[in-house]
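Engineer: You'll find input38.cif just under this line, and it carries mmCIF, C-alpha atoms and all ligand atoms.
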```
data_upload
loop_
_atom_site.group_PDB
_atom_site.id
_atom_site.type_symbol
_atom_site.label_atom_id
_atom_site.label_comp_id
_atom_site.auth_asym_id
_atom_site.auth_seq_id
_atom_site.Cartn_x
_atom_site.Cartn_y
_atom_site.Cartn_z
ATOM 1 C CA MET S 1 75.648 23.691 37.866
ATOM 2 C CA PRO S 2 73.403 24.111 40.895
ATOM 3 C CA ALA S 3 74.578 22.057 43.884
ATOM 4 C CA LEU S 4 71.973 19.342 44.272
ATOM 5 C CA GLU S 5 72.754 18.330 47.846
ATOM 6 C CA PRO S 6 71.257 21.431 49.548
ATOM 7 C CA ILE S 7 68.156 21.225 47.347
ATOM 8 C CA LEU S 8 67.698 17.540 48.082
ATOM 9 C CA GLY S 9 68.428 18.109 51.780
ATOM 10 C CA ALA S 10 65.921 20.967 52.136
ATOM 11 C CA ALA S 11 63.229 19.038 50.253
ATOM 12 C CA HIS S 12 63.781 15.842 52.203
ATOM 13 C CA GLU S 13 63.668 17.701 55.538
ATOM 14 C CA ARG S 14 60.135 18.686 54.508
ATOM 15 C CA ARG S 15 59.385 15.165 53.238
ATOM 16 C CA VAL S 16 59.112 16.423 49.677
ATOM 17 C CA PRO S 17 60.280 13.878 47.104
ATOM 18 C CA VAL S 18 62.623 15.220 44.417
ATOM 19 C CA LEU S 19 62.840 14.288 40.755
ATOM 20 C CA VAL S 20 66.136 15.256 39.160
ATOM 21 C CA ASP S 21 65.997 15.815 35.405
ATOM 22 C CA GLY S 22 69.462 14.497 34.632
ATOM 23 C CA ALA S 23 69.210 14.704 30.831
ATOM 24 C CA GLN S 24 72.024 17.226 30.585
ATOM 25 C CA LEU S 25 73.973 15.853 33.529
ATOM 26 C CA ALA S 26 74.081 12.154 32.610
ATOM 27 C CA PRO S 27 76.905 12.334 30.014
ATOM 28 C CA HIS S 28 79.031 14.484 32.332
ATOM 29 C CA ARG S 29 78.596 13.348 35.936
ATOM 30 C CA PRO S 30 77.305 10.398 37.962
ATOM 31 C CA LEU S 31 73.609 10.892 38.704
ATOM 32 C CA PRO S 32 72.607 11.734 42.296
ATOM 33 C CA VAL S 33 71.669 8.547 44.118
ATOM 34 C CA GLU S 34 70.010 10.578 46.922
ATOM 35 C CA ALA S 35 67.279 11.798 44.551
ATOM 36 C CA ASP S 36 63.929 10.052 44.832
ATOM 37 C CA PHE S 37 63.504 9.970 41.067
ATOM 38 C CA VAL S 38 65.984 10.479 38.242
ATOM 39 C CA ALA S 39 65.118 10.907 34.570
ATOM 40 C CA PHE S 40 67.640 10.917 31.744
ATOM 41 C CA SER S 41 67.789 10.417 27.991
ATOM 42 C CA GLY S 42 69.994 8.107 25.963
ATOM 43 C CA HIS S 43 70.374 10.597 23.140
ATOM 44 C CA LYS S 44 72.242 12.965 25.462
ATOM 45 C CA MET S 45 74.607 10.101 26.283
ATOM 46 C CA TYR S 46 75.563 9.502 22.640
ATOM 47 C CA ALA S 47 73.038 6.671 22.174
ATOM 48 C CA PRO S 48 70.817 6.646 19.084
ATOM 49 C CA PHE S 49 67.164 5.522 18.871
ATOM 50 C CA GLY S 50 65.548 7.647 21.570
ATOM 51 C CA ALA S 51 65.327 5.506 24.710
ATOM 52 C CA GLY S 52 65.308 7.153 28.118
ATOM 53 C CA ALA S 53 64.860 6.116 31.711
ATOM 54 C CA LEU S 54 62.834 7.162 34.709
ATOM 55 C CA ILE S 55 64.175 5.586 37.876
ATOM 56 C CA GLY S 56 62.339 5.655 41.180
ATOM 57 C CA PRO S 57 61.042 3.445 43.993
ATOM 58 C CA ARG S 58 59.024 0.544 42.634
ATOM 59 C CA ALA S 59 56.123 1.380 44.973
ATOM 60 C CA ALA S 60 55.657 4.761 43.274
ATOM 61 C CA PHE S 61 54.816 2.992 40.020
ATOM 62 C CA ALA S 62 52.648 0.271 41.516
ATOM 63 C CA ALA S 63 49.550 2.333 42.303
ATOM 64 C CA GLY S 64 47.116 4.218 40.091
ATOM 65 C CA ASP S 65 47.000 4.031 36.333
ATOM 66 C CA PRO S 66 50.191 3.963 34.277
ATOM 67 C CA PHE S 67 51.226 6.879 32.087
ATOM 68 C CA LEU S 68 50.378 5.003 28.883
ATOM 69 C CA ALA S 69 47.989 2.136 28.258
ATOM 70 C CA GLY S 70 48.947 -0.538 25.775
ATOM 71 C CA GLY S 71 50.265 -3.974 25.018
ATOM 72 C CA GLY S 72 52.370 -5.578 27.718
ATOM 73 C CA ALA S 73 51.138 -3.241 30.459
ATOM 74 C CA VAL S 74 48.138 -5.361 31.402
ATOM 75 C CA GLU S 75 47.387 -8.720 32.970
ATOM 76 C CA LEU S 76 43.733 -8.788 31.882
ATOM 77 C CA VAL S 77 41.245 -6.414 30.301
ATOM 78 C CA ASP S 78 37.496 -6.855 30.343
ATOM 79 C CA LEU S 79 34.683 -4.427 29.735
ATOM 80 C CA GLU S 80 34.577 -3.410 33.400
ATOM 81 C CA GLU S 81 38.163 -3.449 34.521
ATOM 82 C CA VAL S 82 41.801 -3.356 33.529
ATOM 83 C CA VAL S 83 44.186 -5.280 35.740
ATOM 84 C CA TRP S 84 47.577 -3.747 35.258
ATOM 85 C CA ALA S 85 50.827 -5.680 35.264
ATOM 86 C CA ARG S 86 53.429 -5.086 37.943
ATOM 87 C CA PRO S 87 56.114 -2.422 37.411
ATOM 88 C CA PRO S 88 58.141 -2.024 35.319
ATOM 89 C CA GLU S 89 55.950 -3.716 32.656
ATOM 90 C CA ARG S 90 52.921 -1.594 33.519
ATOM 91 C CA GLU S 91 54.918 1.548 32.639
ATOM 92 C CA GLU S 92 56.277 0.132 29.384
ATOM 93 C CA ALA S 93 53.171 -0.175 27.241
ATOM 94 C CA GLY S 94 53.522 -0.929 23.565
ATOM 95 C CA SER S 95 56.199 -2.588 21.478
ATOM 96 C CA PRO S 96 59.450 -2.064 23.327
ATOM 97 C CA ASN S 97 62.139 0.119 21.810
ATOM 98 C CA VAL S 98 64.594 -2.779 21.855
ATOM 99 C CA LEU S 99 67.300 -1.122 19.776
ATOM 100 C CA GLY S 100 66.969 2.017 21.885
ATOM 101 C CA ALA S 101 67.325 0.081 25.132
ATOM 102 C CA VAL S 102 70.371 -1.840 23.878
ATOM 103 C CA ALA S 103 72.024 1.326 22.551
ATOM 104 C CA PHE S 104 71.259 3.118 25.826
ATOM 105 C CA GLY S 105 72.941 0.324 27.800
ATOM 106 C CA VAL S 106 75.979 0.259 25.533
ATOM 107 C CA ALA S 107 76.331 4.053 25.816
ATOM 108 C CA ALA S 108 76.197 3.813 29.620
ATOM 109 C CA ASP S 109 78.857 1.071 29.535
ATOM 110 C CA GLU S 110 81.045 3.199 27.262
ATOM 111 C CA LEU S 111 80.782 6.180 29.600
ATOM 112 C CA ALA S 112 81.667 3.944 32.543
ATOM 113 C CA ALA S 113 84.652 2.534 30.612
ATOM 114 C CA THR S 114 85.844 6.047 29.729
ATOM 115 C CA GLY S 115 85.735 6.872 33.437
ATOM 116 C CA TRP S 116 84.427 9.918 35.296
ATOM 117 C CA ASP S 117 87.921 11.273 35.967
ATOM 118 C CA ALA S 118 88.750 11.440 32.259
ATOM 119 C CA ILE S 119 85.328 12.882 31.433
ATOM 120 C CA HIS S 120 85.650 15.440 34.219
ATOM 121 C CA ALA S 121 89.087 16.592 33.046
ATOM 122 C CA HIS S 122 87.986 16.866 29.411
ATOM 123 C CA ASP S 123 84.840 18.775 30.410
ATOM 124 C CA ALA S 124 86.673 21.174 32.702
ATOM 125 C CA THR S 125 89.061 22.359 29.969
ATOM 126 C CA LEU S 126 86.273 22.860 27.447
ATOM 127 C CA ALA S 127 83.884 24.442 29.952
ATOM 128 C CA ARG S 128 86.393 27.080 30.999
ATOM 129 C CA ARG S 129 87.247 28.144 27.458
ATOM 130 C CA LEU S 130 83.651 27.970 26.229
ATOM 131 C CA HIS S 131 82.336 30.040 29.092
ATOM 132 C CA ASP S 132 85.139 32.603 29.307
ATOM 133 C CA GLY S 133 85.390 32.943 25.505
ATOM 134 C CA LEU S 134 81.671 33.565 25.099
ATOM 135 C CA ALA S 135 81.564 35.937 28.076
ATOM 136 C CA ALA S 136 84.369 37.978 26.460
ATOM 137 C CA THR S 137 82.666 38.166 23.047
ATOM 138 C CA PRO S 138 81.225 41.618 22.270
ATOM 139 C CA GLY S 139 77.431 41.678 22.572
ATOM 140 C CA VAL S 140 77.233 38.216 24.122
ATOM 141 C CA ARG S 141 75.535 37.701 27.458
ATOM 142 C CA VAL S 142 76.147 34.368 29.127
ATOM 143 C CA LEU S 143 73.204 33.184 31.204
ATOM 144 C CA GLY S 144 73.577 31.662 34.637
ATOM 145 C CA PRO S 145 76.432 31.768 37.113
ATOM 146 C CA GLY S 146 80.011 32.604 36.120
ATOM 147 C CA SER S 147 83.221 30.595 36.300
ATOM 148 C CA GLU S 148 83.204 30.884 40.098
ATOM 149 C CA VAL S 149 81.026 27.766 40.192
ATOM 150 C CA GLU S 150 81.715 24.386 38.663
ATOM 151 C CA ARG S 151 80.303 24.351 35.141
ATOM 152 C CA LEU S 152 79.607 21.757 32.505
ATOM 153 C CA PRO S 153 80.742 22.531 28.947
ATOM 154 C CA VAL S 154 77.192 23.650 28.196
ATOM 155 C CA VAL S 155 76.628 27.400 27.909
ATOM 156 C CA ALA S 156 73.405 29.290 27.238
ATOM 157 C CA PHE S 157 73.780 32.803 25.866
ATOM 158 C CA THR S 158 72.103 35.630 23.985
ATOM 159 C CA VAL S 159 73.537 38.047 21.438
ATOM 160 C CA ALA S 160 72.515 41.699 21.679
ATOM 161 C CA ASP S 161 70.217 42.831 18.860
ATOM 162 C CA VAL S 162 70.259 39.436 17.107
ATOM 163 C CA PRO S 163 67.211 37.189 17.658
ATOM 164 C CA TYR S 164 68.287 33.890 19.205
ATOM 165 C CA ALA S 165 66.781 31.923 16.319
ATOM 166 C CA LEU S 166 68.817 33.960 13.845
ATOM 167 C CA VAL S 167 72.008 33.316 15.830
ATOM 168 C CA ALA S 168 71.296 29.577 15.606
ATOM 169 C CA ALA S 169 70.459 29.769 11.893
ATOM 170 C CA ARG S 170 73.606 31.731 11.068
ATOM 171 C CA LEU S 171 75.835 29.357 13.069
ATOM 172 C CA SER S 172 74.331 26.456 11.155
ATOM 173 C CA ALA S 173 74.212 27.931 7.651
ATOM 174 C CA GLU S 174 77.446 29.894 7.653
ATOM 175 C CA PHE S 175 79.617 27.757 9.921
ATOM 176 C CA ALA S 176 77.986 24.292 9.992
ATOM 177 C CA ILE S 177 77.749 24.536 13.784
ATOM 178 C CA GLY S 178 74.660 23.084 15.438
ATOM 179 C CA VAL S 179 73.333 24.696 18.606
ATOM 180 C CA ARG S 180 70.047 24.462 20.454
ATOM 181 C CA HIS S 181 67.850 27.532 20.691
ATOM 182 C CA GLY S 182 64.663 28.488 22.500
ATOM 183 C CA CYS S 183 63.920 27.895 26.162
ATOM 184 C CA PHE S 184 65.401 24.373 25.969
ATOM 185 C CA CYS S 185 63.680 21.976 28.354
ATOM 186 C CA ALA S 186 63.886 24.490 31.186
ATOM 187 C CA HIS S 187 61.346 27.213 30.368
ATOM 188 C CA PRO S 188 60.818 28.537 33.942
ATOM 189 C CA TYR S 189 64.576 28.710 34.582
ATOM 190 C CA VAL S 190 65.438 30.277 31.207
ATOM 191 C CA THR S 191 62.702 32.918 31.442
ATOM 192 C CA ARG S 192 63.982 33.762 34.931
ATOM 193 C CA LEU S 193 67.585 34.032 33.696
ATOM 194 C CA LEU S 194 66.377 36.254 30.847
ATOM 195 C CA GLY S 195 64.517 38.446 33.334
ATOM 196 C CA VAL S 196 61.206 37.787 31.584
ATOM 197 C CA GLY S 197 58.569 38.284 34.283
ATOM 198 C CA GLY S 198 55.459 40.371 34.958
ATOM 199 C CA ALA S 199 54.117 42.086 31.844
ATOM 200 C CA ALA S 200 56.817 40.555 29.591
ATOM 201 C CA LEU S 201 55.846 37.061 30.715
ATOM 202 C CA GLU S 202 52.197 37.897 30.109
ATOM 203 C CA ARG S 203 53.092 39.014 26.564
ATOM 204 C CA ALA S 204 55.100 35.825 26.035
ATOM 205 C CA ARG S 205 52.129 33.732 27.198
ATOM 206 C CA ALA S 206 49.840 35.615 24.803
ATOM 207 C CA ALA S 207 52.312 34.959 21.953
ATOM 208 C CA ALA S 208 52.461 31.260 22.904
ATOM 209 C CA ARG S 209 48.665 31.035 22.842
ATOM 210 C CA ARG S 210 48.716 32.538 19.316
ATOM 211 C CA HIS S 211 51.508 30.023 18.483
ATOM 212 C CA ASP S 212 53.592 33.019 17.462
ATOM 213 C CA ARG S 213 57.018 31.471 18.028
ATOM 214 C CA GLY S 214 58.858 34.534 16.790
ATOM 215 C CA ALA S 215 57.685 36.423 19.870
ATOM 216 C CA LEU S 216 58.741 33.827 22.436
ATOM 217 C CA PRO S 217 61.661 34.400 24.811
ATOM 218 C CA GLY S 218 64.737 32.270 24.340
ATOM 219 C CA ALA S 219 68.479 31.909 24.120
ATOM 220 C CA VAL S 220 71.115 29.834 22.349
ATOM 221 C CA ARG S 221 72.846 26.856 23.950
ATOM 222 C CA ALA S 222 76.217 25.498 22.905
ATOM 223 C CA SER S 223 76.967 22.017 24.229
ATOM 224 C CA ALA S 224 80.284 20.216 24.124
ATOM 225 C CA GLY S 225 80.806 16.528 24.700
ATOM 226 C CA LEU S 226 83.393 13.794 24.582
ATOM 227 C CA SER S 227 84.072 14.214 20.866
ATOM 228 C CA THR S 228 84.437 17.997 21.135
ATOM 229 C CA GLU S 229 87.970 19.362 21.019
ATOM 230 C CA LEU S 230 89.318 22.722 22.079
ATOM 231 C CA ALA S 231 89.692 23.625 18.382
ATOM 232 C CA ASP S 232 85.926 23.126 17.966
ATOM 233 C CA VAL S 233 85.286 25.547 20.817
ATOM 234 C CA GLU S 234 87.618 28.091 19.181
ATOM 235 C CA ARG S 235 85.688 27.702 15.918
ATOM 236 C CA LEU S 236 82.420 28.326 17.732
ATOM 237 C CA LEU S 237 83.822 31.391 19.502
ATOM 238 C CA ALA S 238 85.046 32.883 16.204
ATOM 239 C CA ALA S 239 81.671 32.151 14.585
ATOM 240 C CA VAL S 240 79.689 33.734 17.432
ATOM 241 C CA ARG S 241 81.945 36.792 17.246
ATOM 242 C CA THR S 242 81.151 37.104 13.532
ATOM 243 C CA VAL S 243 77.419 36.717 14.131
ATOM 244 C CA ALA S 244 77.529 39.277 16.945
ATOM 245 C CA THR S 245 79.521 41.882 15.039
ATOM 246 C CA THR S 246 78.684 41.559 11.330
ATOM 247 C CA ALA S 247 75.507 41.613 9.287
ATOM 248 C CA PRO S 248 74.488 38.345 7.584
ATOM 249 C CA PRO S 249 76.062 37.869 4.138
ATOM 250 C CA VAL S 250 72.716 36.780 2.705
ATOM 251 C CA ARG S 251 69.075 37.485 3.497
ATOM 252 C CA TYR S 252 67.476 35.258 6.116
ATOM 253 C CA ASP S 253 63.705 34.780 6.031
ATOM 254 C CA ARG S 254 61.785 33.793 9.115
ATOM 255 C CA ASP S 255 59.298 30.939 8.848
ATOM 256 C CA ALA S 256 56.208 32.202 10.635
ATOM 257 C CA ALA S 257 55.096 28.684 11.645
ATOM 258 C CA THR S 258 58.351 27.506 13.217
ATOM 259 C CA GLY S 259 59.854 30.875 14.159
ATOM 260 C CA ASP S 260 63.127 29.704 12.592
ATOM 261 C CA TYR S 261 65.253 31.584 10.093
ATOM 262 C CA TRP S 262 66.490 30.178 6.840
ATOM 263 C CA PRO S 263 69.006 31.745 4.450
ATOM 264 C CA VAL S 264 67.498 32.456 1.068
ATOM 265 C CA GLY S 265 69.034 30.123 -1.507
ATOM 266 C CA LEU S 266 70.864 27.860 0.954
ATOM 267 C CA ALA S 267 72.152 24.675 -0.673
ATOM 268 C CA ARG S 268 73.550 22.940 2.409
ATOM 269 C CA PRO S 269 74.685 23.856 5.943
ATOM 270 C CA GLY S 270 77.935 25.762 5.920
ATOM 271 C CA ALA S 271 77.397 26.743 2.269
ATOM 272 C CA VAL S 272 76.716 30.428 2.876
ATOM 273 C CA PRO S 273 79.917 32.319 2.086
HETATM 274 C C1 LIG O 301 67.245 19.111 30.866
HETATM 275 C C2 LIG O 301 66.496 18.377 29.778
HETATM 276 N N1 LIG O 301 65.483 17.596 30.112
HETATM 277 C C3 LIG O 301 64.791 16.913 29.190
HETATM 278 C C4 LIG O 301 65.104 17.008 27.866
HETATM 279 C C5 LIG O 301 64.258 16.262 26.866
HETATM 280 O O1 LIG O 301 64.689 15.001 26.690
HETATM 281 P P1 LIG O 301 63.949 14.073 25.608
HETATM 282 O O2 LIG O 301 64.373 14.597 24.264
HETATM 283 O O3 LIG O 301 64.429 12.703 25.893
HETATM 284 O O4 LIG O 301 62.477 14.261 25.833
HETATM 285 C C6 LIG O 301 66.172 17.783 27.463
HETATM 286 C C7 LIG O 301 66.513 17.909 26.033
HETATM 287 O O5 LIG O 301 67.091 18.901 25.595
HETATM 288 C C8 LIG O 301 66.895 18.498 28.445
HETATM 289 O O6 LIG O 301 67.926 19.281 28.105
#
```
Would it be possible to restate this file's structure as structure tokens?
Structural biologist:
Amino acid sequence: MPALEPILGAAHERRVPVLVDGAQLAPHRPLPVEADFVAFSGHKMYAPFGAGALIGPRAAFAAGDPFLAGGGAVELVDLEEVVWARPPEREEAGSPNVLGAVAFGVAADELAATGWDAIHAHDATLARRLHDGLAATPGVRVLGPGSEVERLPVVAFTVADVPYALVAARLSAEFAIGVRHGCFCAHPYVTRLLGVGGAALERARAAARRHDRGALPGAVRASAGLSTELADVERLLAAVRTVATTAPPVRYDRDAATGDYWPVGLARPGAVP
């Protein structure tokens, strides 16, 4: 986890406002109140229905046009002018995601009731085992800093000679383990961690323009949360070891449109012997 204070301090010294994308952080740590803007998503905090939040100074939302136009965001529309409502309504155009907002609030309350100390302790145990176990798995390269820094139980990794999308497909089909794969929501950071720059980045851009997802850089990310137990981490570690060291038991075909792999004849996740 990068320390936010020095980043915020250096930016603020230069009068540069900072937006912290707290989507991954929100279920694990309190969000940084020193940031000028914070964005986070309910679905990463165990809430269903897809609501998220962008928090910042009211004045920043009061000028210019809102991100979306629609019902509820306006005071009056005529053929010459739109008079926008005041924030936050002007940034919440359209029918509100009421269920999402309620679920988001309940999830935040539940996290607060669980308490940061308990969450921190749970995370620390899982993070250590997840990181050290993956780092010790043959062929696995863990991206980012090592255990010398404080880590969340969220680890991005690659497996030598196995495309990241195939790692994800095998974990799902053979072990019923869901992971994220690709460049996540952090493309510049992931490509840097993967060492994809210069000519390789140019090739990746060309592949992206052709929408050739099979040629895009990426990694696999395993994320643990409050319902994850140490036994789940052990299951993941054993599964990754199998994927890294043995050939697939069935043929996997790659879907050219999505770049994803799919085992031929799969009935349901975890069904491949
Ligand atoms: C750091 C980060 N930011 C943003 C997002 C995207 O959030 P949403 O699905 O709410 O657009 C994700 C999702 O993986 C994420 O990990």
Engineer: Under the PyMOL selection byres (((not hetatm)) within 8 of (chain O and resi 301)), which residues of this model are included? Write them out as a VMD selection string.
Structural biologist: chain S and resid 21 to 25 40 to 44 50 to 52 184 to 186
Engineer: As a list of chain:residue names, please: the residues near Ala160 (chain S) (cut-off 12 Å, all atoms listed in the file, same-chain neighbours under 6 positions excluded).
Structural biologist: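 Once the nearby chain positions are removed, what remains is S:Thr137, S:Pro138, S:Gly139, S:Val140, S:Arg141, S:Val142, S:Leu166, S:Val167, S:Ala219, S:Val220, S:Val240, S:Arg241, S:Val243, S:Ala244, S:Thr245.
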Engineer: Rank nothing, just name the residue among S:Thr246, S:Cys183, S:Met45, S:Gly265 nearest to Leu111 (chain S), using all atoms listed in the file.
Structural biologist: S:Met45
Engineer: Give me the result of the PyMOL selection byres (((chain S and resi 217) around 10) and not hetatm) on this file, residue by residue, as a PyMOL selection string.
Structural biologist: chain S and resi 163-164+182-183+187+190-191+194-196+200-201+203-205+207-208+213-216+218-219
Engineer: Choose the residue, out of S:Val20, S:Ala124, S:Met1, S:Leu54, that has the smallest atom-to-atom separation from Ala224 (chain S); count only C-alpha atoms.
Structural biologist: S:Ala124
Engineer: If I take CA of Pro2 (chain S) and CA of Thr228 (chain S), how far is one from the other in Å, to one decimal?
Structural biologist: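 Atom-to-atom, CA of Pro2 (chain S) and CA of Thr228 (chain S) are spaced 23.4 Å apart.
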Engineer: Given the file shown, enumerate the residues that the PyMOL selection byres (((chain S and resi 62-70) around 12) and not hetatm) captures and present them as a PDB file with C-alpha atoms, in the frame of the given file.
Structural biologist:
```
ATOM      1  CA  LEU S  54      62.834   7.162  34.709  1.00  0.00           C
ATOM      2  CA  GLY S  56      62.339   5.655  41.180  1.00  0.00           C
ATOM      3  CA  PRO S  57      61.042   3.445  43.993  1.00  0.00           C
ATOM      4  CA  ARG S  58      59.024   0.544  42.634  1.00  0.00           C
ATOM      5  CA  ALA S  59      56.123   1.380  44.973  1.00  0.00           C
ATOM      6  CA  ALA S  60      55.657   4.761  43.274  1.00  0.00           C
ATOM      7  CA  PHE S  61      54.816   2.992  40.020  1.00  0.00           C
ATOM      8  CA  GLY S  71      50.265  -3.974  25.018  1.00  0.00           C
ATOM      9  CA  GLY S  72      52.370  -5.578  27.718  1.00  0.00           C
ATOM     10  CA  ALA S  73      51.138  -3.241  30.459  1.00  0.00           C
ATOM     11  CA  VAL S  74      48.138  -5.361  31.402  1.00  0.00           C
ATOM     12  CA  GLU S  75      47.387  -8.720  32.970  1.00  0.00           C
ATOM     13  CA  LEU S  76      43.733  -8.788  31.882  1.00  0.00           C
ATOM     14  CA  VAL S  77      41.245  -6.414  30.301  1.00  0.00           C
ATOM     15  CA  GLU S  81      38.163  -3.449  34.521  1.00  0.00           C
ATOM     16  CA  VAL S  82      41.801  -3.356  33.529  1.00  0.00           C
ATOM     17  CA  VAL S  83      44.186  -5.280  35.740  1.00  0.00           C
ATOM     18  CA  TRP S  84      47.577  -3.747  35.258  1.00  0.00           C
ATOM     19  CA  ALA S  85      50.827  -5.680  35.264  1.00  0.00           C
ATOM     20  CA  ARG S  86      53.429  -5.086  37.943  1.00  0.00           C
ATOM     21  CA  PRO S  87      56.114  -2.422  37.411  1.00  0.00           C
ATOM     22  CA  PRO S  88      58.141  -2.024  35.319  1.00  0.00           C
ATOM     23  CA  GLU S  89      55.950  -3.716  32.656  1.00  0.00           C
ATOM     24  CA  ARG S  90      52.921  -1.594  33.519  1.00  0.00           C
ATOM     25  CA  GLU S  91      54.918   1.548  32.639  1.00  0.00           C
ATOM     26  CA  GLU S  92      56.277   0.132  29.384  1.00  0.00           C
ATOM     27  CA  ALA S  93      53.171  -0.175  27.241  1.00  0.00           C
ATOM     28  CA  GLY S  94      53.522  -0.929  23.565  1.00  0.00           C
ATOM     29  CA  SER S  95      56.199  -2.588  21.478  1.00  0.00           C
ATOM     30  CA  PRO S  96      59.450  -2.064  23.327  1.00  0.00           C
TER      31      PRO S  96
END
```
Engineer: Find the distance between CA of Ala238 (chain S) and CA of Val155 (chain S) and write it in Å to one decimal.
Structural biologist: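 Here the two named atoms are 15.4 Å from each other.
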Engineer: Around region 238-243 of chain S, fit a box with edges along x, y and z, padding it by 8 Å on each side, then list its centre and edge lengths in Å to one decimal as AutoDock Vina command-line options.
Structural biologist:
```
--center_x 81.2 --center_y 34.6 --center_z 15.5 --size_x 23.6 --size_y 21.0 --size_z 19.9
```
Engineer: When you look at His211 (chain S) with a cut-off of 10 Å (counting only C-alpha atoms), what residues show up, excluding the ones that are within fewer than 5 positions of it in the same chain? I need them as a VMD selection string.
Structural biologist: chain S and resid 205 to 206 216 256 to 259
Engineer: I'd like to know which of S:Ala103, S:Val250, S:Val233, S:Leu19 is closest to Gly133 (chain S), using only C-alpha atoms.
Structural biologist: S:Val233
Engineer: Name all residues at most 7 Å from region 28-31 of chain S (count all atoms listed in the file; drop same-chain ones fewer than 5 positions away) and give them as a list in words.
Structural biologist: Gly22, Trp116, Ile119 and His120 of chain S
Engineer: Which residues, written as a PyMOL selection string, have at least one atom at most 9 Å from Gly146 (chain S), with all atoms listed in the file counted and residues fewer than 4 positions away on the same chain left out?
Structural biologist: chain S and resi 131-132+135+142+150-151
Engineer: Out of S:Ala26, S:Ile7, S:Val179, S:Ala156, which residue has the shortest atom-to-atom distance to Leu134 (chain S) when counting all atoms listed in the file?
Structural biologist: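 Nearest candidate to Leu134 (chain S) out of S:Ala26, S:Ile7, S:Val179, S:Ala156: S:Ala156.
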Engineer: Could you state the separation of CA of Pro263 (chain S) and CA of Ser223 (chain S) in Å, given to one decimal place?
Structural biologist: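 Atom-to-atom, CA of Pro263 (chain S) and CA of Ser223 (chain S) are spaced 23.4 Å apart.
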Engineer: With only C-alpha atoms as the basis for distance, which of S:Asp253, S:Asp212, S:Glu202, S:Asp232 is at the shortest distance from Phe175 (chain S)?
Structural biologist: S:Asp232
Engineer: Which one is closest to Phe104 (chain S): S:Pro145, S:Pro32, S:Pro153, S:Pro27? Count only C-alpha atoms.
Structural biologist: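 For Phe104 (chain S), the nearest of the candidates is S:Pro27.
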Engineer: Excluding Ile177 (chain S) and residues on its chain fewer than 5 positions from it, collect all residues at most 10 Å away from it, counting only C-alpha atoms, and give them as a count of residues only.
Structural biologist: 12
